[in-house]
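Structure file protein_8.txt (compact mmCIF, C-alpha atoms) follows.
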# COMPACT_ATOMS: atom_id res chain seq x y z
CA GLU A 36 0.00 0.00 0.00
CA CYS A 37 1.00 3.65 -0.10
CA LYS A 38 -0.04 6.36 2.33
CA ASP A 39 0.64 9.92 3.34
CA LYS A 40 2.59 9.76 6.59
CA ARG A 41 0.77 12.87 7.86
CA LEU A 42 -2.43 10.82 8.07
CA SER A 43 -1.33 8.66 10.99
CA ASP A 44 -4.32 9.03 13.31
CA GLY A 45 -6.16 5.96 11.98
CA ARG A 46 -8.78 7.89 10.05
CA PRO A 47 -9.49 7.08 6.38
CA TRP A 48 -7.15 8.73 3.90
CA HIS A 49 -8.15 12.31 3.41
CA ASP A 50 -6.66 15.68 2.72
CA SER A 51 -8.63 18.70 1.54
CA ARG A 52 -5.70 20.15 -0.35
CA THR A 53 -5.14 19.00 -3.91
CA TRP A 54 -1.64 18.03 -4.89
CA ARG A 55 -1.74 20.67 -7.62
CA GLY A 56 -2.62 24.18 -6.60
CA GLY A 57 -2.06 24.55 -2.89
CA GLY A 58 -1.09 20.96 -2.27
CA PHE A 59 2.06 18.89 -2.28
CA THR A 60 4.12 18.23 -5.37
CA CYS A 61 6.04 15.02 -6.08
CA GLN A 62 9.21 16.84 -5.16
CA ASP A 63 7.71 17.87 -1.83
CA TYR A 64 6.93 14.26 -0.99
CA LYS A 65 10.48 13.23 -1.91
CA ASP A 66 12.22 16.12 -0.16
CA TRP A 67 10.23 15.85 3.05
CA ASP A 68 9.94 12.04 3.09
CA ILE A 69 6.23 12.03 3.85
CA CYS A 70 5.19 9.29 1.44
CA GLU A 71 5.32 5.63 2.43
CA SER A 72 5.00 3.12 -0.39
CA LYS A 73 4.82 -0.66 -0.27
CA GLY A 74 3.74 -3.12 -2.91
CA HIS A 75 2.14 -2.33 -6.27
CA LYS A 76 -0.35 0.55 -6.27
CA TYR A 77 -1.50 3.01 -8.88
CA GLY A 78 -2.31 6.69 -8.46
CA PHE A 79 -5.97 7.63 -8.78
CA ASP A 80 -7.82 10.27 -10.76
CA GLY A 81 -9.10 12.15 -7.72
CA LYS A 82 -5.76 13.87 -7.35
CA THR A 83 -5.95 14.46 -3.61
CA ALA A 84 -2.75 14.84 -1.66
CA ASN A 85 -2.82 11.17 -0.72
CA ASP A 86 -3.32 10.16 -4.35
CA ALA A 87 -0.24 12.20 -5.12
CA CYS A 88 1.66 10.28 -2.46
CA CYS A 89 0.84 7.00 -4.17
CA ALA A 90 1.78 8.42 -7.55
CA CYS A 91 4.97 10.02 -6.36
CA GLY A 92 6.04 6.82 -4.70
CA GLY A 93 6.49 5.50 -8.22
CA GLY A 94 8.25 8.62 -9.39
CA LYS A 95 5.50 9.58 -11.82
CA GLN A 96 1.76 9.94 -11.40
CA GLY A 97 -0.19 6.86 -12.35
CA LYS A 98 2.82 4.54 -12.68
CA ARG A 99 3.27 1.38 -10.68
CA ILE A 100 5.85 1.12 -7.95
CA CYS A 101 7.99 -1.67 -9.38
CA PRO A 102 10.24 -4.09 -7.50
CA PRO A 103 13.95 -4.20 -8.42
CA ARG A 104 14.59 -5.40 -11.94
CA VAL A 105 15.38 -9.10 -12.11
CA ARG A 106 15.84 -10.58 -15.56
CA GLN A 107 14.67 -14.17 -15.92
CA ALA A 108 15.63 -16.97 -18.31
CA TRP A 109 13.21 -17.38 -21.19
CA SER A 110 13.10 -21.10 -20.43
CA SER A 111 11.85 -20.38 -16.90
CA LEU A 112 8.91 -18.16 -17.90
CA ASP A 113 5.40 -19.55 -18.00
CA CYS A 114 3.13 -18.90 -20.99
CA HIS A 115 1.54 -15.82 -19.39
CA GLU A 116 4.90 -14.24 -18.61
CA ARG A 117 6.13 -14.91 -22.13
CA LYS A 118 3.01 -13.36 -23.62
CA HIS A 119 3.31 -10.32 -21.35
CA TYR A 120 6.83 -9.66 -22.59
CA MET A 121 5.94 -10.15 -26.27
CA ASP A 122 2.91 -7.89 -25.85
CA ALA A 123 5.23 -5.20 -24.42
CA VAL A 124 7.44 -5.44 -27.52
CA GLN A 125 4.41 -5.16 -29.78
CA ALA A 126 3.15 -2.15 -27.81
CA PHE A 127 6.46 -0.33 -28.15
CA ARG A 128 6.73 -1.03 -31.88
CA THR A 129 3.11 0.05 -32.44
CA ASN A 130 2.95 3.07 -30.12
CA ASP A 131 6.36 4.56 -30.85
CA PRO A 132 7.73 3.25 -34.17
CA ASP A 133 10.00 6.27 -34.58
CA GLN A 134 11.82 5.57 -31.30
CA TYR A 135 12.17 1.90 -32.22
CA ALA A 136 13.64 2.95 -35.57
CA MET A 137 16.07 5.27 -33.77
CA LEU A 138 17.34 2.34 -31.69
CA VAL A 139 17.92 0.27 -34.82
CA THR A 140 19.66 3.19 -36.55
CA ALA A 141 21.93 3.72 -33.52
CA HIS A 142 23.12 0.12 -33.83
CA VAL A 143 23.76 0.53 -37.55
CA ASN A 144 25.59 3.85 -37.21
CA GLN A 145 27.75 2.81 -34.25
CA PHE A 146 28.40 -0.74 -35.39
CA GLY A 147 32.15 -0.26 -35.81
CA HIS A 148 32.50 1.24 -32.32
CA ALA A 149 30.24 -1.29 -30.62
CA HIS A 150 31.73 -4.46 -32.13
CA GLY A 151 35.22 -5.87 -32.19
CA THR A 152 36.42 -3.39 -29.56
CA SER A 153 36.64 -3.24 -25.77
CA ALA A 154 33.37 -1.24 -25.85
CA PHE A 155 31.33 -4.21 -27.08
CA LEU A 156 29.87 -5.38 -23.76
CA HIS A 157 29.50 -1.98 -22.14
CA TRP A 158 27.88 -0.41 -25.21
CA HIS A 159 25.33 -3.19 -25.50
CA ARG A 160 24.54 -3.02 -21.77
CA TRP A 161 23.67 0.66 -22.18
CA TYR A 162 21.68 -0.22 -25.29
CA LEU A 163 19.64 -2.92 -23.51
CA ILE A 164 18.75 -0.56 -20.67
CA GLY A 165 17.47 2.00 -23.17
CA TYR A 166 15.31 -0.64 -24.82
CA GLU A 167 14.01 -2.01 -21.54
CA ASN A 168 13.11 1.51 -20.38
CA ALA A 169 11.22 2.07 -23.63
CA LEU A 170 9.21 -1.11 -22.98
CA ARG A 171 8.45 0.04 -19.43
CA ALA A 172 7.18 3.36 -20.76
CA GLN A 173 4.26 1.55 -22.44
CA PRO A 174 0.96 1.60 -20.51
CA GLY A 175 0.41 -1.64 -18.66
CA PHE A 176 4.05 -2.73 -18.90
CA GLU A 177 5.64 -0.46 -16.31
CA CYS A 178 7.42 -3.32 -14.53
CA VAL A 179 8.35 -5.53 -17.48
CA THR A 180 11.96 -6.71 -17.70
CA LEU A 181 13.95 -8.22 -20.53
CA PRO A 182 14.20 -12.01 -20.36
CA TYR A 183 17.40 -13.66 -21.52
CA TRP A 184 17.51 -16.42 -24.10
CA ASP A 185 19.62 -19.03 -22.31
CA TRP A 186 20.83 -20.55 -25.58
CA GLU A 187 23.54 -22.58 -23.83
CA THR A 188 20.74 -24.91 -22.70
CA ASP A 189 19.75 -25.33 -26.38
CA SER A 190 23.26 -26.25 -27.55
CA GLY A 191 23.11 -29.34 -29.74
CA ASN A 192 19.37 -28.94 -30.17
CA GLU A 193 19.33 -25.68 -32.13
CA PHE A 194 16.40 -26.55 -34.40
CA HIS A 195 14.22 -26.95 -31.31
CA ALA A 196 15.48 -24.00 -29.26
CA ARG A 197 12.75 -22.68 -26.98
CA VAL A 198 12.54 -19.34 -28.78
CA TYR A 199 11.99 -20.97 -32.20
CA ARG A 200 8.33 -21.77 -31.67
CA ALA A 201 5.25 -20.94 -33.68
CA ASP A 202 3.56 -19.47 -30.60
CA THR A 203 6.48 -17.25 -29.55
CA PHE A 204 9.18 -15.73 -31.80
CA GLY A 205 8.44 -17.88 -34.86
CA SER A 206 9.53 -21.36 -35.90
CA TRP A 207 12.06 -22.72 -38.38
CA ASP A 208 9.27 -23.95 -40.68
CA GLY A 209 7.36 -20.66 -40.44
CA LEU A 210 9.39 -18.75 -43.04
CA ASP A 211 8.29 -17.84 -46.52
CA PRO A 212 10.48 -20.14 -48.67
CA VAL A 213 11.23 -17.38 -51.19
CA THR A 214 11.56 -14.17 -49.17
CA GLY A 215 12.50 -15.55 -45.73
CA CYS A 216 9.73 -13.47 -44.15
CA VAL A 217 8.51 -14.67 -40.74
CA THR A 218 4.92 -15.88 -41.13
CA ASN A 219 4.07 -17.37 -37.73
CA GLY A 220 4.51 -16.48 -34.08
CA ALA A 221 3.95 -13.22 -32.25
CA PHE A 222 5.96 -11.23 -34.81
CA SER A 223 4.60 -12.63 -38.05
CA HIS A 224 4.20 -9.94 -40.70
CA TRP A 225 6.28 -7.60 -38.51
CA GLU A 226 7.13 -4.41 -40.38
CA THR A 227 10.79 -3.53 -39.91
CA SER A 228 12.25 -0.07 -39.46
CA PRO A 229 13.33 2.15 -42.35
CA SER A 230 17.08 1.80 -42.92
CA ALA A 231 19.48 1.51 -45.82
CA GLN A 232 20.19 -2.12 -44.92
CA ASN A 233 16.50 -2.97 -44.85
CA GLU A 234 16.00 -1.27 -48.21
CA GLN A 235 18.76 -3.46 -49.65
CA MET A 236 16.80 -6.54 -48.61
CA GLY A 237 13.99 -5.42 -50.91
CA THR A 238 11.18 -6.02 -48.42
CA THR A 239 9.92 -4.51 -45.17
CA CYS A 240 9.15 -7.84 -43.50
CA LEU A 241 11.16 -9.39 -40.67
CA ARG A 242 13.48 -11.86 -42.40
CA ARG A 243 15.35 -14.91 -41.13
CA ALA A 244 17.46 -17.49 -42.90
CA PHE A 245 17.59 -20.33 -40.40
CA GLN A 246 20.58 -22.44 -41.28
CA ASP A 247 21.93 -25.62 -39.81
CA PRO A 248 25.48 -25.00 -38.58
CA PRO A 249 28.03 -25.76 -41.30
CA PRO A 250 30.70 -28.44 -40.84
CA PRO A 251 33.59 -27.99 -38.40
CA PHE A 252 36.50 -25.65 -39.09
CA THR A 253 34.43 -22.63 -39.98
CA PRO A 254 35.76 -19.05 -39.99
CA LEU A 255 34.78 -18.88 -36.31
CA GLY A 256 36.67 -21.96 -35.21
CA PRO A 257 36.43 -25.74 -35.11
CA LEU A 258 33.32 -25.89 -32.94
CA ARG A 259 29.78 -25.44 -34.12
CA ALA A 260 26.36 -24.33 -32.92
CA PHE A 261 25.49 -22.63 -29.63
CA ALA A 262 28.11 -22.54 -26.91
CA THR A 263 27.64 -24.99 -24.05
CA LEU A 264 27.57 -24.12 -20.36
CA GLU A 265 31.01 -25.70 -19.97
CA GLU A 266 32.43 -23.59 -22.79
CA LEU A 267 31.04 -20.42 -21.25
CA ALA A 268 32.59 -21.32 -17.90
CA GLY A 269 35.90 -21.73 -19.68
CA THR A 270 35.50 -18.35 -21.35
CA ILE A 271 34.75 -16.64 -18.05
CA LEU A 272 37.68 -18.22 -16.22
CA ALA A 273 40.21 -18.22 -19.07
CA LEU A 274 43.79 -17.10 -18.57
CA PRO A 275 46.01 -16.02 -21.46
CA PRO A 276 48.78 -18.39 -22.57
CA PRO A 277 52.23 -17.87 -21.07
CA ALA A 278 54.39 -15.28 -22.74
CA GLU A 279 57.44 -16.46 -24.66
CA ASN A 280 60.01 -18.11 -22.36
CA ALA A 281 57.55 -17.90 -19.45
CA THR A 282 56.04 -20.78 -17.50
CA GLU A 283 53.08 -19.01 -15.90
CA PRO A 284 49.96 -17.64 -17.65
CA GLY A 285 49.94 -13.95 -18.42
CA PRO A 286 47.76 -11.44 -16.57
CA ARG A 287 44.01 -11.95 -16.77
CA THR A 288 42.87 -8.95 -18.79
CA PHE A 289 39.38 -7.92 -19.82
CA ASP A 290 39.99 -8.57 -23.53
CA VAL A 291 41.03 -12.15 -22.77
CA PHE A 292 37.37 -12.58 -21.79
CA ARG A 293 35.65 -10.11 -24.12
CA GLY A 294 37.19 -11.28 -27.39
CA PRO A 295 36.28 -14.98 -27.11
CA LEU A 296 32.79 -14.15 -25.81
CA GLU A 297 32.10 -11.80 -28.70
CA GLY A 298 33.27 -14.54 -31.04
CA ARG A 299 31.49 -17.86 -31.19
CA PRO A 300 29.13 -17.65 -28.16
CA HIS A 301 27.77 -14.28 -29.24
CA ALA A 302 28.01 -14.84 -33.01
CA TRP A 303 26.35 -18.23 -33.46
CA PRO A 304 22.80 -17.27 -32.36
CA HIS A 305 23.05 -14.42 -34.87
CA ILE A 306 24.31 -16.72 -37.64
CA ILE A 307 21.97 -19.67 -37.06
CA THR A 308 18.99 -17.30 -37.03
CA GLY A 309 20.12 -15.06 -39.86
CA GLY A 310 22.27 -17.34 -42.01
CA TRP A 311 25.75 -16.77 -43.38
CA GLY A 312 24.49 -14.72 -46.28
CA PRO A 313 22.73 -15.50 -49.56
CA GLY A 314 23.31 -19.10 -50.58
CA PHE A 315 26.30 -19.70 -48.28
CA LEU A 316 26.93 -23.44 -47.79
CA GLY A 317 23.54 -24.24 -49.26
CA GLY A 318 21.60 -21.85 -47.06
CA PRO A 319 18.62 -19.77 -48.21
CA ASP A 320 19.31 -17.21 -50.91
CA VAL A 321 18.25 -14.27 -48.76
CA THR A 322 19.83 -11.67 -46.51
CA ALA A 323 18.28 -11.78 -43.02
CA HIS A 324 18.24 -9.27 -40.20
CA MET A 325 20.17 -11.10 -37.50
CA THR A 326 23.38 -11.05 -39.54
CA THR A 327 23.24 -7.35 -40.44
CA GLY A 328 23.63 -4.09 -38.52
CA SER A 329 19.82 -3.95 -38.48
CA SER A 330 19.68 -7.05 -36.26
CA PRO A 331 17.80 -5.14 -33.49
CA ASP A 332 14.81 -5.17 -35.85
CA ASP A 333 14.48 -8.85 -34.96
CA PRO A 334 12.97 -9.22 -31.46
CA LEU A 335 15.31 -12.18 -30.92
CA PHE A 336 18.24 -9.75 -30.87
CA TRP A 337 17.23 -8.32 -27.49
CA VAL A 338 16.77 -11.61 -25.62
CA HIS A 339 19.99 -12.93 -27.19
CA HIS A 340 22.05 -9.93 -26.11
CA CYS A 341 20.42 -10.00 -22.68
CA ASN A 342 22.08 -13.40 -22.22
CA VAL A 343 25.41 -12.02 -23.42
CA ASP A 344 25.04 -9.27 -20.81
CA ARG A 345 24.22 -11.85 -18.12
CA ILE A 346 27.44 -13.71 -18.91
CA PHE A 347 29.29 -10.38 -18.65
CA ALA A 348 27.69 -9.84 -15.21
CA ILE A 349 28.83 -13.29 -14.07
CA TYR A 350 32.35 -12.45 -15.20
CA GLN A 351 32.23 -9.19 -13.26
CA ASP A 352 31.14 -11.01 -10.10
The structure in this file should be written as structure tokens.
Amino acid sequence: ECKDKRLSDGRPWHDSRTWRGGGFTCQDYKDWDICESKGHKYGFDGKTANDACCACGGGKQGKRICPPRVRQAWSSLDCHERKHYMDAVQAFRTNDPDQYAMLVTAHVNQFGHAHGTSAFLHWHRWYLIGYENALRAQPGFECVTLPYWDWETDSGNEFHARVYRADTFGSWDGLDPVTGCVTNGAFSHWETSPSAQNEQMGTTCLRRAFQDPPPPFTPLGPLRAFATLEELAGTILALPPPAENATEPGPRTFDVFRGPLEGRPHAWPHIITGGWGPGFLGGPDVTAHMTTGSSPDDPLFWVHHCNVDRIFAIYQD
């Protein structure tokens, strides 16, 4: 509940002064610490001082007072929680398409700075927070958080990964065989953002080019498919090889972790979803979003990078 601390005599909530015009502002409640908020409550339309207390407890009138953000694994969410998140994404894309397009454009324009450099993990953490805040700005989704696609649990079973379903993000067999457009799931017939890369694809639909991992010894190394939990543990704990004429490993630097993580673990969910490019190793003859700078146009981008950020947080701990 939330209540005005001045009303402590046991009587029902009341205050004759409105919170606008002669009453208390949000800043007053914060500065003087006279609002007590617990649980999830909304502000009301009556706009009495006590209503303002409830509203200000959430920092903005009419917004819920949310618990701390805790991001959950996609595999752990029930069907209602999954739908709530996907509905939030749809609401953002529908209600504010220009802001969504700005996020995609930022990724395209800053691609060289945000990839292949020491900024990779930090830049994408900032980027995810901006996206999550945009979702939480949608009415009814004030407390939504990004789930993470725990793809390490899908390693070796990529075709049946939990996100590749006809009732969620769209299935492998739900693509138009000619264009690669997604035709099932929550984001079927999704209209992508205007960008030069999207124009080059020749269509405004969300495109994927699901491709079975090619044989070993690819440009990204001898292993294939999604990284396993054991591989990720090795990446987090890795030490550099000994320097020449040395017997002990070198110092454990950030890039010893960042580089390998950005490589195969980060890259393969992009590649398996978006393909290697038109016709590569027998794959579909289309260019798909997840392997371009416009990858944030695919809702899978956000839950994928949320997992990358989780691995970064484990490393930091």
**Request:** Would you mind reading off the distance between atom CA of Arg104 of chain A and atom CA of His305 of chain A, one decimal, in Å?
**Result:** 26.1 Å
**Asked** Which residues, written as a VMD selection string, have at least one atom at most 12 Å from Glu265 of chain A, with only C-alpha atoms counted and residues fewer than 6 positions away on the same chain left out?
**Response** chain A and resid 187 to 188 190 271 to 273 300
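Here the question is which of A:Thr327, A:Thr140, A:Gln351, A:Thr203 gets nearest to Leu156 of chain A using only C-alpha atoms, and that residue is A:Gln351.
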**Prompt:** By how many Å are atom CA of Ala169 of chain A and atom CA of Asp202 of chain A apart?
**Reply:** 23.9 Å
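Across the structure, atom CA of Glu193 of chain A and atom CA of Ala348 of chain A are spaced 24.6 Å apart.
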Excluding Ala323 of chain A and any residue of its chain fewer than 3 positions from it, enumerate the residues within 8 Å of it, using only C-alpha atoms, and give them as a PDB file with C-alpha atoms, keeping the file's coordinate frame.
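Written output follows (part29.pdb):
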ATOM      1  CA  GLY A 215      12.500 -15.550 -45.730  1.00  0.00           C
ATOM      2  CA  MET A 236      16.800  -6.540 -48.610  1.00  0.00           C
ATOM      3  CA  LEU A 241      11.160  -9.390 -40.670  1.00  0.00           C
ATOM      4  CA  ARG A 242      13.480 -11.860 -42.400  1.00  0.00           C
ATOM      5  CA  ARG A 243      15.350 -14.910 -41.130  1.00  0.00           C
ATOM      6  CA  ALA A 244      17.460 -17.490 -42.900  1.00  0.00           C
ATOM      7  CA  GLY A 309      20.120 -15.060 -39.860  1.00  0.00           C
ATOM      8  CA  GLY A 310      22.270 -17.340 -42.010  1.00  0.00           C
ATOM      9  CA  GLY A 312      24.490 -14.720 -46.280  1.00  0.00           C
ATOM     10  CA  THR A 326      23.380 -11.050 -39.540  1.00  0.00           C
ATOM     11  CA  THR A 327      23.240  -7.350 -40.440  1.00  0.00           C
TER      12      THR A 327
END
**Request:** Please provide the set of residues having any atom within 10 Å of Pro103 of chain A, restricted to only C-alpha atoms, with same-chain residues fewer than 2 positions apart removed, written as a PyMOL selection string.
**Result:** chain A and resi 100-101+105-106+178+180
**Message:** So that I can check the surroundings of Glu297 of chain A, please list as a list in words every protein, DNA and RNA residue that reaches within 9 Å of it, counting all atoms listed in the file and ignoring chain neighbours fewer than 2 positions away.
**Reply:**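 Answer for this query is His150, Gly151, Phe155, Leu156, Phe292, Arg293, Gly294, Pro295, Arg299, Pro300, His301, Ala302 and Val343 of chain A.
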**Residue nearest Pro331 of chain A among A:Tyr135, A:Trp225, A:Trp161, A:Phe127 (counting all atoms listed in the file)** = A:Tyr135
Mind giving me the axis-aligned box for segment 290-299 of chain A with 6 Å on every side, centre plus edges in Å to one decimal, as AutoDock Vina command-line options?
--center_x 36.3 --center_y -13.2 --center_z -26.5 --size_x 21.5 --size_y 21.3 --size_z 21.4
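Of the residues under consideration (A:Gln107, A:Asn144, A:Ser206, A:Gln173), A:Ser206 shows the shortest atom-to-atom contact distance to Asn219 of chain A when counting all atoms listed in the file.
Comparing the minimum interatomic distances between Asp133 of chain A and each of A:Leu267, A:Asp185, A:Thr227, A:Phe245, counting all atoms listed in the file, we find that A:Thr227 sits nearest.
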**Counting only C-alpha atoms, the residue of A:Leu274, A:Val213, A:Cys114, A:Leu264 that sits nearest Trp186 of chain A** = A:Leu264
